[in-house]
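> I have a structure here, written as structure tokens, and I will follow up with some questions on it.
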Amino acid sequence: MNSIVEDNARQSRITILDVAAAAGVSKSTVSRILDERLPRSDSETARRVRKIAEELGYVRDVSAASLRRGNTMTVGIIVPRLTDTVMAMLYESLAKACSRTGRFAIVATTDDRAKADRLAAESLLKRGVDGLILSTARDDDDFPDILAARGVPTVLALRTDGHSLSSIGDDRLGGYLATRHLLDLGHRRIGVIAGPSYASSARTRVEGYRQAMTEMGLTIDPSLIVSSTFGIESGAEAAEKIMHLPQAPTAIFAVNDNTAIGALSGLMRMGLSVPGDVSLVGYNDIPIVSHLSTPLTTLRVPFEQIAANALDLLGGEAIPPDDRIRVSAPTLIPRKSTRSIVL
């Protein structure tokens with residue numbers, strides 16, 4: 001019975017040929033006009049074809065089109081976790097960018113574990129994805145090189161290994177801007193919640209901090225730079241460790257908003273106020289930070305631009321050496337978690 005229903009459905013399916021016959025144009029014209037990946041035409045013919053297609057109930061057969069092109073029009077995206085707002089924002093931006101180009105995004109999570117990256121990639125590749133976008137690159141892992149050697153189209157996003165195709169934020173600039181902001185407010189002893197050293201994004205933001213401090217002629221106290229994960233509780237622990245130093249800082253730069261939120265909690269537990277006792281800067285501008293009781297000063301990352309660049313690199317051919325790593329600039333968003341002090 002089911003096979004009869006399926007056969008009837010196939011027979012009644014409206015095709016491009018049906019639309020072309022009804023509109024009095026060629027099949028190729030209809031195909032071009034109804035291809036969502038191409039710029040939308042507003043000519044009289046295009047409007048007529050779209051109207052006829054809608055009236056006939058035409059639905060584009062994505063699977064058939066993919067078979068003709070030899071691909072599936074799906075992109076595999078690997079992130080550490082979707083409970084991390086930053087990764088959720090990246091995935092949403094990538095999914096929207098895929099939709100605009102007629103592609104579909106499939107996501108897999110790894111909890112930021114190198115072995116899980118490999119399992120996730122294999123699972124996505126078995127499902128026929130045309131390429132992979134990884135936000136899990138680690139300095140101590142050569143997995144992107146292994147994928148490249150296998151001929152798997154791969155692009156890194158948010159993090160980079162320094163040579164693979166990558167779409168990232170300008171993290172050094174962001175770290176510099178965050179620190180420069182605090183320096184301009186009069187702070188000279190500035191702590192850093194540095195994130196994990198294996199992530200290029202965290203490491204490079206700390207490099208930006210070092211650059212700004214050095215330009216100001218300040219000696220960098222290594223005890224003020226405390227490593228952490230990207231998690232909230234880790235941020236709280238790092239903030240408490242920094243503030244228990246014999247000479248506590250007057251400001252803290254956390255290399256992501258989660259650790260900044262954790263720092264805010266840890267400082268409150270210590271009876272310290274932000275920004276009364278300590279100024280605080282985060283990174284990424286996730287939605288919640290503007291709604292905290294003390295809205296957080298942070299760096300806004302252009303996720304949509306990073307996503308668009310990642311997809312462009314994934315589908316590109318013969319990418320020149322100077323365009324393999326595309327960098328998008330962040331923007332400082334001053335809010336109420338930072339204040340000036342008297343020098």
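To be explicit about the labels: the chains of the structure tokens are called A, B, and onward in the order shown, and within each one the residues are counted from 1, while ligands get numbers from 1 in the order they are shown.
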Could you write out, as a ChimeraX atom specification, all the residues of stretch 19-253 of chain A that DSSP marks as strand (DSSP E or B)?

/A:74-79,104-109,131-134,154-157,166-169,190-193,225-226,251-253

> Next, write the just-selected residues to a file, as a short mmCIF file (atom, residue, chain, number, x, y, z; two decimals), in the first residue's frame, keeping C-alpha atoms as the atom set.


data_model
loop_
_atom_site.label_atom_id
_atom_site.label_comp_id
_atom_site.auth_asym_id
_atom_site.auth_seq_id
_atom_site.Cartn_x
_atom_site.Cartn_y
_atom_site.Cartn_z
CA THR A 74 25.09 19.79 3.43
CA VAL A 75 27.83 21.15 5.64
CA GLY A 76 29.05 19.43 8.80
CA ILE A 77 29.78 21.77 11.71
CA ILE A 78 31.72 20.61 14.75
CA VAL A 79 31.58 22.64 17.98
CA PHE A 104 21.88 22.72 5.07
CA ALA A 105 23.95 22.65 8.26
CA ILE A 106 24.38 19.58 10.46
CA VAL A 107 26.04 20.01 13.85
CA ALA A 108 27.98 17.63 16.11
CA THR A 109 29.43 18.36 19.55
CA GLY A 131 32.75 19.60 3.89
CA LEU A 132 33.47 20.36 7.53
CA ILE A 133 33.69 23.56 9.57
CA LEU A 134 35.53 23.05 12.87
CA THR A 154 37.75 21.70 5.89
CA VAL A 155 37.65 25.22 7.32
CA LEU A 156 38.42 26.27 10.89
CA ALA A 157 36.20 28.86 12.56
CA SER A 166 40.33 29.63 8.70
CA SER A 167 37.75 32.29 9.45
CA ILE A 168 38.45 33.94 12.80
CA GLY A 169 38.06 37.13 14.75
CA ILE A 190 45.28 44.46 35.27
CA GLY A 191 44.57 40.77 35.80
CA VAL A 192 43.73 38.34 32.99
CA ILE A 193 41.51 35.27 33.05
CA ILE A 225 47.66 35.94 34.14
CA VAL A 226 45.64 32.92 35.29
CA ALA A 251 40.75 45.57 36.81
CA ILE A 252 40.33 42.14 35.19
CA PHE A 253 40.13 41.20 31.52
#

> Restricting the calculation to only C-alpha atoms: of A:Ala239, A:Leu299, A:Ile288, A:Val86, which residue gets closest to A:Pro330?

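Once distances to A:Pro330 are computed over only C-alpha atoms, the minimum belongs to A:Leu299.
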
> What's the 8 Å shell around stretch 203-215 of chain A, counting only C-alpha atoms, without same-chain residues fewer than 3 positions away, as a list in words?

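In the requested format, the answer is Asp171, Arg172, Leu173, Gly174, Gly175, Tyr176, Leu177, Ala178, Thr179, Arg180, Val192, Ala194, Gly195, Pro196, Ser197, Tyr198, Ala199, Ser200, Leu218, Thr219, Ile220 and Val255 of chain A.
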
> Please dump the current selection as a compact mmCIF listing (two decimals), in the first residue's frame; keep all heavy atoms.


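File produced: again-v2.txt:
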# COMPACT_ATOMS: atom_id res chain seq x y z
N ASP A 171 41.60 38.34 17.28
CA ASP A 171 41.67 38.19 18.73
C ASP A 171 42.78 39.01 19.35
O ASP A 171 42.64 39.51 20.48
CB ASP A 171 41.82 36.71 19.08
CG ASP A 171 40.59 35.91 18.66
OD1 ASP A 171 39.49 36.28 19.08
OD2 ASP A 171 40.75 34.94 17.90
N ARG A 172 43.88 39.15 18.67
CA ARG A 172 44.96 40.00 19.19
C ARG A 172 44.47 41.45 19.32
O ARG A 172 44.68 42.10 20.34
CB ARG A 172 46.19 39.94 18.29
CG ARG A 172 47.32 40.87 18.77
CD ARG A 172 48.45 40.91 17.75
NE ARG A 172 49.23 39.69 17.78
CZ ARG A 172 50.27 39.49 18.58
NH1 ARG A 172 50.65 40.43 19.44
NH2 ARG A 172 50.93 38.37 18.53
N LEU A 173 43.80 41.93 18.28
CA LEU A 173 43.24 43.28 18.33
C LEU A 173 42.24 43.40 19.47
O LEU A 173 42.22 44.38 20.20
CB LEU A 173 42.58 43.62 17.00
CG LEU A 173 41.81 44.95 16.96
CD1 LEU A 173 42.75 46.13 17.21
CD2 LEU A 173 41.09 45.11 15.63
N GLY A 174 41.37 42.38 19.62
CA GLY A 174 40.37 42.43 20.67
C GLY A 174 41.00 42.50 22.05
O GLY A 174 40.57 43.28 22.91
N GLY A 175 42.01 41.66 22.30
CA GLY A 175 42.71 41.70 23.59
C GLY A 175 43.39 43.03 23.81
O GLY A 175 43.42 43.56 24.94
N TYR A 176 43.92 43.59 22.74
CA TYR A 176 44.56 44.90 22.83
C TYR A 176 43.54 45.98 23.17
O TYR A 176 43.77 46.82 24.06
CB TYR A 176 45.25 45.22 21.50
CG TYR A 176 45.88 46.60 21.44
CD1 TYR A 176 47.19 46.78 21.87
CD2 TYR A 176 45.17 47.70 20.96
CE1 TYR A 176 47.77 48.06 21.83
CE2 TYR A 176 45.74 48.96 20.92
CZ TYR A 176 47.04 49.13 21.36
OH TYR A 176 47.62 50.38 21.32
N LEU A 177 42.38 45.96 22.49
CA LEU A 177 41.36 46.98 22.73
C LEU A 177 40.80 46.89 24.14
O LEU A 177 40.55 47.92 24.78
CB LEU A 177 40.23 46.82 21.71
CG LEU A 177 40.55 47.15 20.25
CD1 LEU A 177 39.36 46.82 19.36
CD2 LEU A 177 40.93 48.63 20.10
N ALA A 178 40.60 45.67 24.63
CA ALA A 178 40.09 45.49 25.99
C ALA A 178 41.07 46.09 27.01
O ALA A 178 40.67 46.83 27.92
CB ALA A 178 39.88 44.01 26.27
N THR A 179 42.35 45.76 26.84
CA THR A 179 43.36 46.24 27.77
C THR A 179 43.57 47.74 27.63
O THR A 179 43.71 48.46 28.63
CB THR A 179 44.67 45.49 27.54
OG1 THR A 179 44.42 44.08 27.51
CG2 THR A 179 45.68 45.81 28.62
N ARG A 180 43.57 48.22 26.40
CA ARG A 180 43.75 49.65 26.16
C ARG A 180 42.62 50.45 26.81
O ARG A 180 42.85 51.52 27.36
CB ARG A 180 43.77 49.89 24.65
CG ARG A 180 44.10 51.30 24.21
CD ARG A 180 45.57 51.57 24.37
NE ARG A 180 45.77 52.77 25.16
CZ ARG A 180 46.95 53.34 25.36
NH1 ARG A 180 48.03 52.78 24.84
NH2 ARG A 180 47.07 54.41 26.10
N VAL A 192 44.29 38.99 34.19
CA VAL A 192 43.73 38.34 32.99
C VAL A 192 43.26 36.94 33.34
O VAL A 192 44.03 36.14 33.89
CB VAL A 192 44.77 38.26 31.85
CG1 VAL A 192 44.15 37.61 30.62
CG2 VAL A 192 45.31 39.62 31.51
N ALA A 194 42.74 33.90 31.47
CA ALA A 194 43.35 33.69 30.16
C ALA A 194 42.73 32.60 29.31
O ALA A 194 43.10 32.45 28.14
CB ALA A 194 44.84 33.40 30.34
N GLY A 195 41.79 31.81 29.86
CA GLY A 195 41.25 30.72 29.06
C GLY A 195 42.25 29.60 28.90
O GLY A 195 43.34 29.61 29.49
N PRO A 196 41.95 28.59 28.07
CA PRO A 196 42.86 27.45 27.87
C PRO A 196 43.94 27.78 26.84
O PRO A 196 43.66 28.36 25.78
CB PRO A 196 41.92 26.35 27.35
CG PRO A 196 40.80 27.09 26.68
CD PRO A 196 40.64 28.38 27.42
N SER A 197 45.15 27.38 27.12
CA SER A 197 46.27 27.73 26.24
C SER A 197 46.22 27.02 24.90
O SER A 197 46.86 27.46 23.95
CB SER A 197 47.60 27.40 26.94
OG SER A 197 47.67 26.02 27.25
N TYR A 198 45.45 25.92 24.80
CA TYR A 198 45.40 25.19 23.52
C TYR A 198 44.54 25.87 22.47
O TYR A 198 44.56 25.50 21.31
CB TYR A 198 44.91 23.76 23.73
CG TYR A 198 43.51 23.64 24.32
CD1 TYR A 198 42.38 23.91 23.56
CD2 TYR A 198 43.34 23.23 25.64
CE1 TYR A 198 41.11 23.80 24.10
CE2 TYR A 198 42.07 23.11 26.18
CZ TYR A 198 40.96 23.40 25.41
OH TYR A 198 39.71 23.29 25.94
N ALA A 199 43.75 26.89 22.88
CA ALA A 199 42.86 27.58 21.95
C ALA A 199 43.52 28.85 21.44
O ALA A 199 43.88 29.73 22.23
CB ALA A 199 41.53 27.90 22.62
N SER A 200 43.68 28.97 20.13
CA SER A 200 44.34 30.14 19.56
C SER A 200 43.61 31.42 19.92
O SER A 200 44.24 32.47 20.12
CB SER A 200 44.43 30.01 18.04
OG SER A 200 43.14 30.04 17.44
N LEU A 218 54.66 49.22 30.83
CA LEU A 218 54.42 48.54 32.09
C LEU A 218 55.05 47.16 32.11
O LEU A 218 55.07 46.46 31.09
CB LEU A 218 52.91 48.42 32.34
CG LEU A 218 52.14 49.74 32.43
CD1 LEU A 218 50.64 49.47 32.48
CD2 LEU A 218 52.58 50.53 33.66
N THR A 219 55.55 46.77 33.26
CA THR A 219 56.08 45.42 33.42
C THR A 219 54.92 44.46 33.65
O THR A 219 54.03 44.73 34.47
CB THR A 219 57.03 45.36 34.62
OG1 THR A 219 58.13 46.27 34.40
CG2 THR A 219 57.58 43.95 34.81
N ILE A 220 54.92 43.36 32.94
CA ILE A 220 53.83 42.39 33.05
C ILE A 220 54.14 41.40 34.17
O ILE A 220 55.17 40.72 34.15
CB ILE A 220 53.63 41.64 31.72
CG1 ILE A 220 53.23 42.65 30.63
CG2 ILE A 220 52.57 40.56 31.86
CD1 ILE A 220 53.20 42.07 29.24
N VAL A 255 38.94 36.57 28.95
CA VAL A 255 39.00 36.38 27.50
C VAL A 255 37.73 35.83 26.88
O VAL A 255 37.67 35.64 25.67
CB VAL A 255 40.21 35.52 27.07
CG1 VAL A 255 41.53 36.15 27.51
CG2 VAL A 255 40.07 34.10 27.61

> Give me the residues within 9 Å of stretch 264-272 of chain A as a PyMOL selection string, counting only C-alpha atoms and dropping any in the same chain fewer than 2 places off.

chain A and resi 232-233+235-240+243+259-262+274-278+280

> I need the residues from that last selection saved to file as a short mmCIF file (atom, residue, chain, number, x, y, z; two decimals), in the first residue's frame (with N, CA and C atoms), if you can.


data_model
loop_
_atom_site.label_atom_id
_atom_site.label_comp_id
_atom_site.auth_asym_id
_atom_site.auth_seq_id
_atom_site.Cartn_x
_atom_site.Cartn_y
_atom_site.Cartn_z
N ILE A 232 32.00 29.09 33.28
CA ILE A 232 31.65 30.11 34.28
C ILE A 232 32.35 29.85 35.61
N GLU A 233 32.28 28.62 36.10
CA GLU A 233 32.88 28.32 37.40
C GLU A 233 34.39 28.53 37.38
N GLY A 235 35.91 30.70 35.63
CA GLY A 235 36.12 32.15 35.70
C GLY A 235 36.05 32.66 37.12
N ALA A 236 35.12 32.10 37.91
CA ALA A 236 34.99 32.50 39.32
C ALA A 236 36.25 32.13 40.10
N GLU A 237 36.73 30.91 39.86
CA GLU A 237 37.93 30.46 40.56
C GLU A 237 39.14 31.31 40.20
N ALA A 238 39.27 31.63 38.91
CA ALA A 238 40.41 32.43 38.46
C ALA A 238 40.36 33.84 39.06
N ALA A 239 39.17 34.43 39.11
CA ALA A 239 39.03 35.78 39.66
C ALA A 239 39.41 35.80 41.14
N GLU A 240 38.96 34.79 41.88
CA GLU A 240 39.30 34.73 43.30
C GLU A 240 40.80 34.55 43.50
N MET A 243 42.45 37.94 42.84
CA MET A 243 42.19 38.95 43.87
C MET A 243 42.82 38.60 45.21
N THR A 259 33.59 33.34 31.33
CA THR A 259 34.52 33.49 32.45
C THR A 259 34.34 34.85 33.12
N ALA A 260 33.92 35.86 32.36
CA ALA A 260 33.65 37.17 32.96
C ALA A 260 32.44 37.09 33.88
N ILE A 261 31.40 36.35 33.46
CA ILE A 261 30.22 36.16 34.31
C ILE A 261 30.63 35.41 35.58
N GLY A 262 31.46 34.41 35.43
CA GLY A 262 31.98 33.69 36.59
C GLY A 262 32.78 34.59 37.50
N VAL A 274 31.59 45.47 41.37
CA VAL A 274 32.02 45.81 40.00
C VAL A 274 31.11 46.92 39.49
N PRO A 275 31.67 48.08 39.13
CA PRO A 275 33.09 48.38 38.99
C PRO A 275 33.68 49.14 40.19
N GLY A 276 32.93 49.22 41.30
CA GLY A 276 33.40 50.01 42.44
C GLY A 276 34.78 49.62 42.92
N ASP A 277 34.99 48.30 43.12
CA ASP A 277 36.29 47.81 43.58
C ASP A 277 37.15 47.29 42.44
N VAL A 278 36.52 46.69 41.46
CA VAL A 278 37.26 46.08 40.34
C VAL A 278 36.49 46.32 39.04
N LEU A 280 35.78 45.26 35.11
CA LEU A 280 35.76 43.94 34.48
C LEU A 280 35.38 44.06 33.01
#
